[in-house]
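Remarks on the structure that follows.
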Amino acid sequence: MGFTRVYNTLYAHYGPQHWWPGDTPFEIMAGAVLTQNTAWTNVEKAIANLKAQDHLDPARIARASHEQLAQWLKPSGYFNIKAQRLQGFCAWYMAQGGLKTLSALDTHALRHALLAVHGIGPETADDILLYAFHRPVFVIDAYTRRLFSRLGLIKGDEGYETLRHTFETALGNDSTKADTRLFNEYHALIVNHAKDICRKQPLCMRCCLADVCPSRIVT
DNA sequence: ACCCAGGGTCATA
DNA sequence: TATGACCATGGG
């Protein structure tokens, strides 16, 4: 199976990634919202601001003023939108009863609940499910579409749920803990790989996936 | 001076 | 269903 071979190749080349960058489940959730269409280096600055203000906390974010929060989030871009989304998420998070209550939900129910929050789409929800709640869901992002369509393993314009199902059934057996570990590493490896390679040159012979790619186009 | 980055929502046809 | 506009900063 091609999907497994790509994983083995990436893992052999980069090793374990120990993702998500973030110390607590809530930091991971906040990071997932802030990194929407945004470079992670910018998100780090915003999270550093929240930490410096002792505000990396759902209750405190929920009751901060929009202007204040937007100012702290400024480096992450879209700061007005993200202040709104993060605050809305925190309000929901508190209303639900926090981490403990949410952890009691099964994966399907939790995913459905996350998607109902304004500003949480499929990828952000799956980031949170996989990296904050350790649930076996495969995250589909722009890197995944680009890489695997160029490897010839997918078309690239499939719907999100279609692709998620494709990866999960190709890689997972029965939604076990082992799947969570695999999906966790795999998504991290894809992102790492995307950063590592040259974006401007579509033909990259030095890439670690050069042998896997039939057309040798691996960016 | 461009181009892009670990998306999502909303308006239109 | 399927495009397009919009959000906005920082690094290459």
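Each chain in the structure tokens gets a letter, A, B and so on, in the order shown; residues start at 1 in every chain, and ligands are counted from 1 in the order they appear.
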Taking only C-alpha atoms (C1' of nucleotides) into account, which residues of chain C are within 9 Å of chain A, as a CSV table (one decimal) with C-alpha atoms (C1' of nucleotides), in the first residue's frame?
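Saved file iface-v2.csv follows:
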```csv
chain,number,residue,atom,x,y,z
C,7,DC,C1',-9.7,38.1,6.8
C,8,DA,C1',-3.9,40.3,8.0
C,9,DT,C1',0.7,39.4,9.8
C,10,DG,C1',5.6,38.1,9.0
```
Chain B contacts to chain A at 6 Å (only C-alpha atoms (C1' of nucleotides)) as a PyMOL selection string: chain B and resi 5+7-8
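The protein and nucleic acid residues lying at most 9 Å from Thr176 (chain A) are A:Arg135, A:Pro136, A:Gly172, A:Asn173, A:Asp179, A:Thr180, with only C-alpha atoms (C1' of nucleotides) considered and sequence neighbours fewer than 3 positions away removed.
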With C-alpha atoms retained, could you export that selection as a short mmCIF file (atom, residue, chain, number, x, y, z; two decimals), in the first residue's frame?
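Just written: again-v4.cif:
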```
data_model
loop_
_atom_site.label_atom_id
_atom_site.label_comp_id
_atom_site.auth_asym_id
_atom_site.auth_seq_id
_atom_site.Cartn_x
_atom_site.Cartn_y
_atom_site.Cartn_z
CA ARG A 135 -8.54 10.32 19.11
CA PRO A 136 -7.76 8.26 15.98
CA GLY A 172 -5.98 2.02 10.38
CA ASN A 173 -7.42 -1.32 11.34
CA ASP A 179 -3.91 4.22 14.98
CA THR A 180 -3.82 7.38 17.07
#
```
12 Å contact set for DA13 (chain B), only C-alpha atoms (C1' of nucleotides), chain neighbours under 6 positions out, as number ranges by chain: C: 1-4
Suppose we keep N, CA and C atoms (P, O5', C5', C4', C3', O3' and C1' of nucleotides); can you now write the selection as a PDB file, in the first residue's frame?
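To be explicit, this is the file written out as again_15.pdb:
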```
ATOM      1  P    DT C   1     -23.980  18.736  -2.592  1.00  0.00           P
ATOM      2  O5'  DT C   1     -23.548  19.527  -3.934  1.00  0.00           O
ATOM      3  C5'  DT C   1     -23.304  18.937  -5.142  1.00  0.00           C
ATOM      4  C4'  DT C   1     -22.434  19.895  -5.947  1.00  0.00           C
ATOM      5  C3'  DT C   1     -21.102  20.164  -5.285  1.00  0.00           C
ATOM      6  O3'  DT C   1     -20.026  19.922  -6.168  1.00  0.00           O
ATOM      7  C1'  DT C   1     -22.261  22.215  -5.691  1.00  0.00           C
ATOM      8  P    DA C   2     -19.031  20.038  -6.981  1.00  0.00           P
ATOM      9  O5'  DA C   2     -18.802  21.620  -7.251  1.00  0.00           O
ATOM     10  C5'  DA C   2     -19.440  22.301  -8.340  1.00  0.00           C
ATOM     11  C4'  DA C   2     -18.952  23.740  -8.402  1.00  0.00           C
ATOM     12  C3'  DA C   2     -17.543  23.916  -7.836  1.00  0.00           C
ATOM     13  O3'  DA C   2     -16.871  24.881  -8.603  1.00  0.00           O
ATOM     14  C1'  DA C   2     -18.992  25.340  -6.725  1.00  0.00           C
ATOM     15  P    DT C   3     -15.607  24.439  -9.451  1.00  0.00           P
ATOM     16  O5'  DT C   3     -15.022  25.882  -9.835  1.00  0.00           O
ATOM     17  C5'  DT C   3     -14.620  26.719  -8.832  1.00  0.00           C
ATOM     18  C4'  DT C   3     -15.360  28.059  -8.824  1.00  0.00           C
ATOM     19  C3'  DT C   3     -14.388  29.138  -8.332  1.00  0.00           C
ATOM     20  O3'  DT C   3     -14.248  30.157  -9.308  1.00  0.00           O
ATOM     21  C1'  DT C   3     -16.458  29.247  -7.190  1.00  0.00           C
ATOM     22  P    DG C   4     -12.976  31.092  -9.205  1.00  0.00           P
ATOM     23  O5'  DG C   4     -13.490  32.283  -8.251  1.00  0.00           O
ATOM     24  C5'  DG C   4     -14.672  32.996  -8.585  1.00  0.00           C
ATOM     25  C4'  DG C   4     -14.853  34.158  -7.612  1.00  0.00           C
ATOM     26  C3'  DG C   4     -13.559  34.786  -7.112  1.00  0.00           C
ATOM     27  O3'  DG C   4     -13.724  36.200  -7.039  1.00  0.00           O
ATOM     28  C1'  DG C   4     -14.780  33.939  -5.262  1.00  0.00           C
TER      29       DG C   4
END
```
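A straight line drawn from CA of Val212 (chain A) to CA of Thr9 (chain A) is 8.4 Å long.
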Test item, helix (DSSP H, G or I) assignment across region 91-209 of chain A, answer as a PyMOL selection string: chain A and resi 91-96+98-103+107-115+122-132+142-150+160-171+177-196
Could you give me, as a short mmCIF file (atom, residue, chain, number, x, y, z; two decimals) with N, CA and C atoms, in the first residue's frame, the residues within 9 Å of Ala132 (chain A), counting only C-alpha atoms (C1' of nucleotides) and dropping anything in the same chain fewer than 5 positions from it?
```cif
data_model
loop_
_atom_site.label_atom_id
_atom_site.label_comp_id
_atom_site.auth_asym_id
_atom_site.auth_seq_id
_atom_site.Cartn_x
_atom_site.Cartn_y
_atom_site.Cartn_z
N TRP A 20 1.72 17.55 19.18
CA TRP A 20 1.70 18.90 18.65
C TRP A 20 2.59 19.82 19.47
N THR A 24 0.00 21.88 26.89
CA THR A 24 -1.25 21.42 27.49
C THR A 24 -2.30 21.21 26.40
N PRO A 25 -3.33 20.43 26.69
CA PRO A 25 -4.42 20.26 25.72
C PRO A 25 -5.01 21.59 25.28
N PHE A 26 -5.20 22.52 26.22
CA PHE A 26 -5.79 23.79 25.82
C PHE A 26 -4.87 24.61 24.93
N GLU A 27 -3.59 24.54 25.19
CA GLU A 27 -2.64 25.26 24.32
C GLU A 27 -2.69 24.69 22.90
N ILE A 28 -2.86 23.39 22.80
CA ILE A 28 -2.99 22.75 21.49
C ILE A 28 -4.25 23.21 20.78
N MET A 29 -5.33 23.30 21.53
CA MET A 29 -6.60 23.75 20.93
C MET A 29 -6.50 25.19 20.44
N ASP A 127 -7.52 18.44 14.16
CA ASP A 127 -6.30 18.77 14.91
C ASP A 127 -6.54 18.61 16.40
#
```
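Between C1' of DC6 (chain C) and C1' of DT9 (chain B) there is a distance of 9.1 Å.
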